[in-house]
Amino acid sequence: MKRSVIIGLCVFLLTLLLTQFLAYQQYHIVKEHEAKKVQHELHSLSDRVKAMLKYSMSATHILGFLVEKYGVPEDFDSIADDILDSHKYIDALQLTRKGVITHVYPLIGNEPALGFDVLNDSMVSKEALKAIEKRELFFAGPLNLRQGGKGVIGRLPIFIDGDFFGFSVVIIKLSTLLDAFGVRNHDDNFKYQLSKANPVTGEQEYFLKDEFDPAQEASVFIEVPDGAWKLYVSSSPDVMIYYSAIAFSVVGILFSFLVGSFVYQWVEKPAKLKKLVEEITLKLLTTQENSKTTLDRVSDAFVSFDENLLCTYINQRAIEIFDLSSEQVIGRNILDRFPELTESSWYETFERAMSLQEYQCVEYFFAEKNKWLESHFYPSDNGISLFIRDVTEQKSAEERLANSEKYFRTLIENSANAIVLMDSEGNVRYQSPSTVRVSGYSLTQILEIDWLDLVHPDDRNNVVRIFKNVLRSPGKLLRSEYRFKHRSGRYIWVEGYYINLLEDSNIGAIVYNYYDVTERVKTQQAISHEKYLSDSIINSLPGIFYLYDRHGRFIRWNENFEIISEYSSEEVSQMHPLDFFDDKDKELLRGKIESVFVKGKDDVESYFFTKTGKKIAYYFTGCSVRIEGQEYLIGMGIDITQRLEAETKALAEYREKETTLNRINDAVFSLNRSWEYTFLNDAALKIHPLGRSKTIGKTFLAVHPELEESPFYKMFEQAMQTKEVLETEGYYSSLQLWFSAKAYPSDDGLTIFFRDISEKKEAEQEILGLINDLQEKNRNLRQFSYIVSHNLRAPLANILGLAEIINQSAEVDKTCIQAMAGEAQRLDRVVRDINSIISVREVETDKTEPVSFKEEFKWAVNQLSADVDLSSATISDNFHITHIDSLKNYIRNIMLYLLSNAIIYKHTDREPVVHVQTSNEGSFVCLSVQDNGRGIDLKKYGDKIFGLYKRFHNDDSMSGRGVGLNMVKTMTESLGGYVEVTSKVHEGSVFKVCLPRFNKMEK
């Protein structure tokens, strides 16, 4: 009894320890299973993230590549639409120039994004700059989009020649992102969270509605590359884990108690019974193991259920088909695992088998596994056994076969080709429906006609020959082409293929497949005609013709090309265009060829080398053409040997003429019809300061705009129009030289000879000056003669008369003496005036000195002070110019004479007012004296105003003798100046004396 208790207690304790350990292990196994589920979900989520990133990277790299290689595409919308079609997890594409968004697709709904500068926005610039720094795709967000809603922005920086150009951008809305990740929080088994560190605040932000603390709850996370995001996955807590563990523990305690009791009760039984039990147990276990092994080896899936559809057994083949473990199925209701079976034909068959207790079979498409399964139901009182066979491949083959038959039947019935089956005599036994469309004959009609009669008479012998060959060549495909009489009466061209299948038991006929090629034959005939015409044109060209592709492969050339190059057609077809040129010219030719494909056209002159090494000067043209989507260069080469020889000869003649023209002293230059310079000799450079290189090619007026109104340009125009040789001369003010110009017109323009005649003109001017001086002296001599004959003769006559009276009178008459003295004084004044005039003309004008207008004005006013006081005259001054280099005595006397005249010839009704001033007028300094006196009638006395002893007022009370103005004019002209007068009777006069800034000798 004691031994049984001890054994029972030990068994109880061991069983209790074992069951509690198993309960603890079950708890950990379930927890591990949950962790594996989380890890599995995490890996799946990671794969989905990578797929989404791959789509985004692909889209941005495609767009970035296009921009880097070809610039911003003009058809951006079309390209973006194609990219979006093949990238399902992208909502929009953008392009930026620097940071400014310039393109967006689709535009509808995204208009607010256009023009936004991401680099100048503090909220997004940090992540944009990070993308530039990394030079790779970087994701920003989730953030609030300018067009509304939240989303993620992937920016790939674009660099062109090392410089940052802008971004290729993908926009993924948050909803699209969650769909791509498969994170919608609909699965009760898992909880998800998406977070990101705010680039401004640095704080972690969460974007999904289910909130949990990653630090407190059991969770794992994945950090998304190319953007500082974190995705968290956590399993939902399952209280059943704890309940099952506790229940297992309680059951373990009970089981331990029962086992302990059982051991206690049976420990006393005979060993024989124990051995029998062990043998029966071993036998049962062996039988069970053998059955399980047998079922696992069958090729069909085997599953057994009890009457409640709880799974009691599943073999290895069923596990493979349904991708389930036995733990996931055993003891569970099949409808809980596959609820879609409830409304299916499979369940109806199951219920029928159970109710009838008869074998049933059904084929069912298992959508979850995408398989066709053939199920065999074997019912019993305790449940049902189910054998399942995968017939997916069989069904697919049957479906393919049915589709294939349907496809070929439809193809034959709707084909444009006509199919005819004939016997060995050529009699038609079958024709496809399309035969009526091609030939116009129905099967009934064609059976009544001899097939050969429908062949064009010229083609019948050939058709008969081909048909005999068909009979002799079973299984061999033979082609024929001939004219066939259509039911409408016209002939059509048909092309067909015969194959002899008379020995094929399935067909037993000659199959003839033909179709209407009338249009093709006509086109070929037209093409042949056009080719013959184009070949004739190309071969008639005087130069060489060529057509080659971008790789330098010759496509066409004319016969002249072969004749001149001395290469055969086969040799030309294997050569590159650059093979015909010298090595030193190949780089130039290569650049010109590339220029044609880039710009559309170009030309070049180079030497063409023949097969025997002969070189010929050619002018080559090239034009880019596109034929059937391929780019080609088409052009011609023209032999320019004669032209170059003529140019060389002309150049030699030109250089000889240029050398001759450069040796002459005259300036020679040529103008074309557009008035552009084409030639200047060395002497012409003196009047063209820009130089030869900067003058050639410019127009005449562009070089000499100041000559547009000159006699030179007018003469050039006249010569160009009339084609006559013309000559003129004129003063070239910019060079201060005199020139004579002679223009020789031609068909090409004008050639002009310029000769400097300044020395000749100066000599002429000097002669004219001497003539003028002589004429002036002659006038002065005549004036002196007049003075002598009038002003001297009258006093002398009076003196002689008085002297005669005195001689005849016995007494001396004092009156006569006084009169004689007066006449002598008068004669003395005239002599003194003449002496003053002569002294003025003979003064040396080169002895100049600085003269102050103010000082000489004061001196003159002081000399006239008595007259000024007597007349109550008002004299004012304004000397803008204060000094002048001149003869001091002349300036003083000019001012004295002008002021004296202003006071002498004052108006009788008003006090005299005189104003003196100086001013600048070009290269002259002018002294003006203005008065309000009597004035002078210039119309009456204008030509006499400066004459000697000329007076223009008959009032004897005025003391003037008519000498002052003559002296003013004489002194002014001696200094190289001139005098001007403006005057109105009874209003006053203005006398303006203009003197050069430097004296005549200095000038």
# chains A, B, ... in the order shown; residues from 1 in each chain; ligands from 1
call {"tool": "residues_around", "arguments": {"residues": "range 495-497 of chain A", "least_positions_apart": "2", "cutoff": "12 Å", "atoms": "only C-alpha atoms", "output": "number ranges by chain"}}
result
A: 417-421, 438, 463, 466-467, 470, 475-484, 492-493, 499-500, 510-521
call {"tool": "select_by_dssp", "arguments": {"residues": "range 390-600 of chain A", "states": "strand (DSSP E)", "output": "ChimeraX atom specification"}}
result
/A:390,418-422,428-431,477-485,491-501,509-516,544-549,554-557
call {"tool": "residues_around", "arguments": {"residues": "Tyr313 in chain A", "least_positions_apart": "4", "cutoff": "9 Å", "atoms": "only C-alpha atoms", "output": "list in words"}}
result
Phe302, Val303, Ser304, Phe305, Ser326, Val329, Ile330 and Gly331 of chain A
call {"tool": "atom_distance", "arguments": {"atom1": "CA of Leu707 in chain A", "atom2": "CA of Ala743 in chain A"}}
result
15.3 Å
call {"tool": "atom_distance", "arguments": {"atom1": "CA of Gln736 in chain A", "atom2": "CA of Asn920 in chain A"}}
result
22.8 Å
call {"tool": "closest_residue", "arguments": {"among": "A:Ile563, A:Asp937, A:Met967, A:Ser442", "to": "Val985 in chain A", "atoms": "only C-alpha atoms"}}
result
A:Asp937
call {"tool": "atom_distance", "arguments": {"atom1": "CA of Phe581 in chain A", "atom2": "CA of Ser606 in chain A"}}
result
7.9 Å
call {"tool": "select_by_dssp", "arguments": {"residues": "range 331-553 of chain A", "states": "helix (DSSP H, G or I)", "output": "compact mmCIF listing (two decimals) with N, CA and C atoms, in the first residue's frame"}}
result
# COMPACT_ATOMS: atom_id res chain seq x y z
N ILE A 334 -13.90 22.80 -41.62
CA ILE A 334 -13.38 23.23 -42.92
C ILE A 334 -14.05 24.50 -43.41
N LEU A 335 -15.34 24.68 -43.02
CA LEU A 335 -16.06 25.88 -43.49
C LEU A 335 -15.58 27.13 -42.77
N ASP A 336 -15.01 26.97 -41.55
CA ASP A 336 -14.44 28.14 -40.87
C ASP A 336 -13.17 28.60 -41.59
N ARG A 337 -12.44 27.63 -42.10
CA ARG A 337 -11.20 28.02 -42.80
C ARG A 337 -11.48 28.50 -44.22
N PRO A 339 -14.79 29.74 -45.81
CA PRO A 339 -16.23 30.04 -45.72
C PRO A 339 -16.89 30.14 -47.10
N GLU A 340 -16.09 30.39 -48.16
CA GLU A 340 -16.68 30.54 -49.48
C GLU A 340 -17.26 29.24 -50.02
N LEU A 341 -16.91 28.11 -49.40
CA LEU A 341 -17.43 26.82 -49.85
C LEU A 341 -18.90 26.63 -49.52
N THR A 342 -19.42 27.43 -48.59
CA THR A 342 -20.80 27.26 -48.11
C THR A 342 -21.80 27.38 -49.24
N GLU A 343 -21.59 28.33 -50.14
CA GLU A 343 -22.53 28.58 -51.23
C GLU A 343 -22.09 27.94 -52.54
N SER A 345 -20.94 24.60 -55.27
CA SER A 345 -21.36 23.26 -55.70
C SER A 345 -20.66 22.17 -54.90
N TRP A 346 -19.48 22.48 -54.37
CA TRP A 346 -18.72 21.51 -53.55
C TRP A 346 -19.53 21.14 -52.31
N TYR A 347 -20.08 22.15 -51.63
CA TYR A 347 -20.81 21.89 -50.39
C TYR A 347 -22.12 21.15 -50.69
N GLU A 348 -22.74 21.54 -51.84
CA GLU A 348 -23.97 20.83 -52.22
C GLU A 348 -23.68 19.34 -52.45
N THR A 349 -22.56 19.05 -53.09
CA THR A 349 -22.19 17.64 -53.33
C THR A 349 -21.91 16.93 -52.01
N PHE A 350 -21.22 17.62 -51.07
CA PHE A 350 -20.94 17.05 -49.75
C PHE A 350 -22.24 16.67 -49.04
N GLU A 351 -23.19 17.60 -49.02
CA GLU A 351 -24.47 17.32 -48.32
C GLU A 351 -25.21 16.18 -49.00
N ARG A 352 -25.15 16.14 -50.35
CA ARG A 352 -25.83 15.06 -51.06
C ARG A 352 -25.20 13.71 -50.73
N ALA A 353 -23.86 13.68 -50.67
CA ALA A 353 -23.18 12.42 -50.35
C ALA A 353 -23.53 11.95 -48.94
N MET A 354 -23.59 12.91 -47.98
CA MET A 354 -23.89 12.54 -46.59
C MET A 354 -25.34 12.10 -46.44
N SER A 355 -26.25 12.80 -47.13
CA SER A 355 -27.67 12.46 -46.99
C SER A 355 -28.00 11.13 -47.67
N LEU A 356 -27.36 10.90 -48.85
CA LEU A 356 -27.64 9.66 -49.59
C LEU A 356 -26.73 8.52 -49.17
N THR A 392 -5.94 21.11 -62.60
CA THR A 392 -5.76 22.45 -63.19
C THR A 392 -5.11 22.36 -64.56
N GLU A 393 -4.03 21.58 -64.68
CA GLU A 393 -3.33 21.47 -65.96
C GLU A 393 -4.22 20.84 -67.01
N GLN A 394 -4.98 19.82 -66.61
CA GLN A 394 -5.90 19.16 -67.54
C GLN A 394 -6.95 20.12 -68.05
N LYS A 395 -7.53 20.91 -67.12
CA LYS A 395 -8.55 21.89 -67.51
C LYS A 395 -7.96 22.95 -68.42
N SER A 396 -6.73 23.39 -68.07
CA SER A 396 -6.08 24.41 -68.89
C SER A 396 -5.82 23.89 -70.30
N ALA A 397 -5.39 22.61 -70.38
CA ALA A 397 -5.12 22.03 -71.70
C ALA A 397 -6.41 21.92 -72.51
N GLU A 398 -7.49 21.47 -71.84
CA GLU A 398 -8.77 21.37 -72.53
C GLU A 398 -9.24 22.73 -73.02
N GLU A 399 -9.06 23.73 -72.14
CA GLU A 399 -9.49 25.08 -72.52
C GLU A 399 -8.65 25.62 -73.66
N ARG A 400 -7.33 25.35 -73.60
CA ARG A 400 -6.47 25.81 -74.68
C ARG A 400 -6.82 25.14 -75.99
N LEU A 401 -7.13 23.85 -75.91
CA LEU A 401 -7.50 23.11 -77.11
C LEU A 401 -8.79 23.67 -77.71
N ALA A 402 -9.77 23.90 -76.83
CA ALA A 402 -11.05 24.44 -77.32
C ALA A 402 -10.85 25.83 -77.92
N ASN A 403 -10.05 26.64 -77.22
CA ASN A 403 -9.79 28.00 -77.73
C ASN A 403 -9.02 27.94 -79.04
N SER A 404 -8.08 26.99 -79.13
CA SER A 404 -7.28 26.86 -80.34
C SER A 404 -8.17 26.49 -81.53
N GLU A 405 -9.06 25.49 -81.29
CA GLU A 405 -9.97 25.09 -82.37
C GLU A 405 -10.87 26.24 -82.79
N LYS A 406 -11.37 26.95 -81.77
CA LYS A 406 -12.24 28.08 -82.08
C LYS A 406 -11.47 29.18 -82.81
N TYR A 407 -10.21 29.39 -82.38
CA TYR A 407 -9.37 30.44 -82.98
C TYR A 407 -9.11 30.13 -84.46
N PHE A 408 -8.70 28.85 -84.71
CA PHE A 408 -8.37 28.51 -86.10
C PHE A 408 -9.61 28.47 -86.99
N ARG A 409 -10.73 28.03 -86.42
CA ARG A 409 -11.96 28.04 -87.20
C ARG A 409 -12.35 29.48 -87.56
N THR A 410 -12.29 30.35 -86.56
CA THR A 410 -12.61 31.77 -86.81
C THR A 410 -11.61 32.39 -87.78
N LEU A 411 -10.33 32.00 -87.62
CA LEU A 411 -9.28 32.55 -88.47
C LEU A 411 -9.52 32.17 -89.93
N ILE A 412 -9.86 30.91 -90.15
CA ILE A 412 -10.07 30.45 -91.52
C ILE A 412 -11.31 31.09 -92.12
N GLU A 413 -12.39 31.13 -91.32
CA GLU A 413 -13.64 31.65 -91.86
C GLU A 413 -13.58 33.16 -92.10
N ASN A 414 -12.75 33.87 -91.35
CA ASN A 414 -12.69 35.32 -91.50
C ASN A 414 -11.39 35.79 -92.13
N SER A 434 -14.14 32.91 -97.41
CA SER A 434 -13.42 34.09 -97.94
C SER A 434 -13.15 33.96 -99.43
N THR A 435 -13.29 32.75 -99.98
CA THR A 435 -13.05 32.57 -101.41
C THR A 435 -14.03 33.39 -102.25
N VAL A 436 -15.26 33.49 -101.76
CA VAL A 436 -16.26 34.29 -102.49
C VAL A 436 -15.84 35.74 -102.54
N ARG A 437 -15.27 36.22 -101.44
CA ARG A 437 -14.85 37.63 -101.42
C ARG A 437 -13.70 37.87 -102.38
N VAL A 438 -12.79 36.87 -102.55
CA VAL A 438 -11.62 37.06 -103.39
C VAL A 438 -11.97 36.86 -104.87
N SER A 439 -12.63 35.73 -105.20
CA SER A 439 -12.85 35.39 -106.60
C SER A 439 -14.22 35.80 -107.12
N LEU A 443 -19.15 28.16 -104.07
CA LEU A 443 -18.70 26.79 -104.30
C LEU A 443 -19.52 26.13 -105.41
N THR A 444 -20.82 26.40 -105.44
CA THR A 444 -21.69 25.82 -106.47
C THR A 444 -21.25 26.29 -107.85
N GLN A 445 -20.94 27.58 -107.97
CA GLN A 445 -20.54 28.13 -109.26
C GLN A 445 -19.18 27.61 -109.70
N ILE A 446 -18.27 27.48 -108.73
CA ILE A 446 -16.91 27.06 -109.10
C ILE A 446 -16.88 25.60 -109.51
N LEU A 447 -17.86 24.79 -108.98
CA LEU A 447 -17.91 23.39 -109.36
C LEU A 447 -18.36 23.21 -110.80
N TRP A 451 -11.50 25.06 -113.51
CA TRP A 451 -10.63 26.03 -112.81
C TRP A 451 -9.60 26.63 -113.75
N LEU A 452 -9.06 25.83 -114.65
CA LEU A 452 -8.00 26.30 -115.55
C LEU A 452 -8.51 27.35 -116.52
N ASP A 453 -9.83 27.30 -116.86
CA ASP A 453 -10.38 28.29 -117.79
C ASP A 453 -10.37 29.70 -117.19
N LEU A 454 -10.29 29.79 -115.86
CA LEU A 454 -10.30 31.11 -115.21
C LEU A 454 -8.91 31.74 -115.16
N PRO A 457 -4.84 33.33 -120.23
CA PRO A 457 -4.19 32.46 -121.24
C PRO A 457 -2.68 32.50 -121.19
N ASP A 458 -2.09 33.68 -120.92
CA ASP A 458 -0.63 33.79 -120.91
C ASP A 458 -0.01 33.09 -119.71
N ASP A 459 -0.82 32.78 -118.67
CA ASP A 459 -0.27 32.19 -117.44
C ASP A 459 -0.63 30.72 -117.28
N ARG A 460 -1.45 30.14 -118.22
CA ARG A 460 -1.96 28.78 -118.00
C ARG A 460 -0.85 27.73 -118.00
N ASN A 461 0.08 27.83 -118.93
CA ASN A 461 1.15 26.83 -119.00
C ASN A 461 1.96 26.81 -117.70
N ASN A 462 2.21 27.97 -117.17
CA ASN A 462 2.98 28.05 -115.92
C ASN A 462 2.20 27.43 -114.77
N VAL A 463 0.86 27.66 -114.72
CA VAL A 463 0.03 27.10 -113.66
C VAL A 463 0.00 25.58 -113.77
N VAL A 464 -0.14 25.05 -115.00
CA VAL A 464 -0.14 23.60 -115.20
C VAL A 464 1.18 23.00 -114.75
N ARG A 465 2.28 23.65 -115.08
CA ARG A 465 3.60 23.15 -114.68
C ARG A 465 3.73 23.10 -113.16
N ILE A 466 3.27 24.16 -112.50
CA ILE A 466 3.36 24.19 -111.04
C ILE A 466 2.50 23.08 -110.42
N PHE A 467 1.28 22.89 -110.96
CA PHE A 467 0.37 21.87 -110.41
C PHE A 467 0.99 20.48 -110.55
N LYS A 468 1.68 20.19 -111.67
CA LYS A 468 2.34 18.90 -111.84
C LYS A 468 3.45 18.72 -110.81
N ASN A 469 4.16 19.82 -110.54
CA ASN A 469 5.21 19.75 -109.52
C ASN A 469 4.62 19.48 -108.14
N VAL A 470 3.44 20.01 -107.90
CA VAL A 470 2.77 19.78 -106.61
C VAL A 470 2.44 18.30 -106.47
N LEU A 471 1.92 17.71 -107.54
CA LEU A 471 1.57 16.28 -107.48
C LEU A 471 2.80 15.42 -107.23
N ARG A 472 3.97 15.86 -107.77
CA ARG A 472 5.20 15.08 -107.62
C ARG A 472 5.91 15.35 -106.28
N THR A 518 -3.55 42.14 -106.39
CA THR A 518 -3.60 43.05 -107.55
C THR A 518 -2.98 44.41 -107.22
N GLU A 519 -3.38 44.96 -106.07
CA GLU A 519 -2.86 46.29 -105.70
C GLU A 519 -1.36 46.23 -105.46
N ARG A 520 -0.91 45.13 -104.84
CA ARG A 520 0.53 45.02 -104.59
C ARG A 520 1.30 44.94 -105.90
N VAL A 521 0.77 44.15 -106.87
CA VAL A 521 1.45 44.01 -108.17
C VAL A 521 1.48 45.36 -108.88
N LYS A 522 0.33 46.07 -108.83
CA LYS A 522 0.29 47.40 -109.45
C LYS A 522 1.30 48.32 -108.78
N THR A 523 1.33 48.23 -107.43
CA THR A 523 2.28 49.08 -106.69
C THR A 523 3.72 48.73 -107.07
N GLN A 524 4.01 47.41 -107.14
CA GLN A 524 5.35 46.99 -107.52
C GLN A 524 5.71 47.46 -108.92
N GLN A 525 4.72 47.37 -109.83
CA GLN A 525 4.97 47.85 -111.19
C GLN A 525 5.23 49.36 -111.19
N ALA A 526 4.42 50.07 -110.35
CA ALA A 526 4.62 51.53 -110.25
C ALA A 526 5.98 51.84 -109.63
N ILE A 527 6.32 51.03 -108.59
CA ILE A 527 7.61 51.23 -107.95
C ILE A 527 8.75 50.95 -108.92
N SER A 528 8.58 49.87 -109.69
CA SER A 528 9.61 49.54 -110.68
C SER A 528 9.76 50.67 -111.69
N HIS A 529 8.60 51.21 -112.10
CA HIS A 529 8.65 52.33 -113.04
C HIS A 529 9.33 53.54 -112.41
N GLU A 530 8.91 53.83 -111.14
CA GLU A 530 9.51 54.98 -110.46
C GLU A 530 10.99 54.75 -110.22
N LYS A 531 11.35 53.50 -109.88
CA LYS A 531 12.77 53.21 -109.66
C LYS A 531 13.55 53.39 -110.96
N TYR A 532 12.96 52.92 -112.06
CA TYR A 532 13.64 53.09 -113.34
C TYR A 532 13.79 54.58 -113.66
N LEU A 533 12.71 55.34 -113.37
CA LEU A 533 12.77 56.79 -113.63
C LEU A 533 13.79 57.46 -112.73
N SER A 534 13.74 57.11 -111.39
CA SER A 534 14.68 57.75 -110.46
C SER A 534 16.12 57.34 -110.78
N ASP A 535 16.32 56.05 -111.16
CA ASP A 535 17.67 55.62 -111.54
C ASP A 535 18.16 56.38 -112.77
N SER A 536 17.25 56.60 -113.71
CA SER A 536 17.63 57.33 -114.93
C SER A 536 18.01 58.76 -114.59
N ILE A 537 17.20 59.38 -113.67
CA ILE A 537 17.50 60.77 -113.27
C ILE A 537 18.83 60.83 -112.54
N ILE A 538 18.99 59.91 -111.54
CA ILE A 538 20.21 59.92 -110.73
C ILE A 538 21.43 59.68 -111.60
N ASN A 539 21.33 58.72 -112.53
CA ASN A 539 22.49 58.39 -113.37
C ASN A 539 22.76 59.46 -114.42
N SER A 540 21.77 60.34 -114.68
CA SER A 540 21.99 61.41 -115.66
C SER A 540 22.58 62.66 -115.02
call {"tool": "closest_residue", "arguments": {"among": "A:Tyr441, A:Phe387, A:Tyr890, A:Phe545", "to": "Glu849 in chain A", "atoms": "only C-alpha atoms"}}
result
A:Tyr890
call {"tool": "residues_around", "arguments": {"residues": "Val914 in chain A", "least_positions_apart": "2", "cutoff": "8 Å", "atoms": "only C-alpha atoms", "output": "PyMOL selection string"}}
result
chain A and resi 873-876+899+902+912+916+929-932
call {"tool": "residues_around", "arguments": {"residues": "range 551-555 of chain A", "least_positions_apart": "3", "cutoff": "7 Å", "atoms": "only C-alpha atoms", "output": "MDAnalysis selection string"}}
result
chainID A and resid 547:548 573 576:577
call {"tool": "closest_residue", "arguments": {"among": "A:Asp885, A:Glu724, A:Glu706, A:Asp756", "to": "Asp666 in chain A", "atoms": "only C-alpha atoms"}}
result
A:Asp756
call {"tool": "closest_residue", "arguments": {"among": "A:Ile634, A:Val455, A:Ile160, A:Ile884", "to": "His486 in chain A", "atoms": "only C-alpha atoms"}}
result
A:Val455
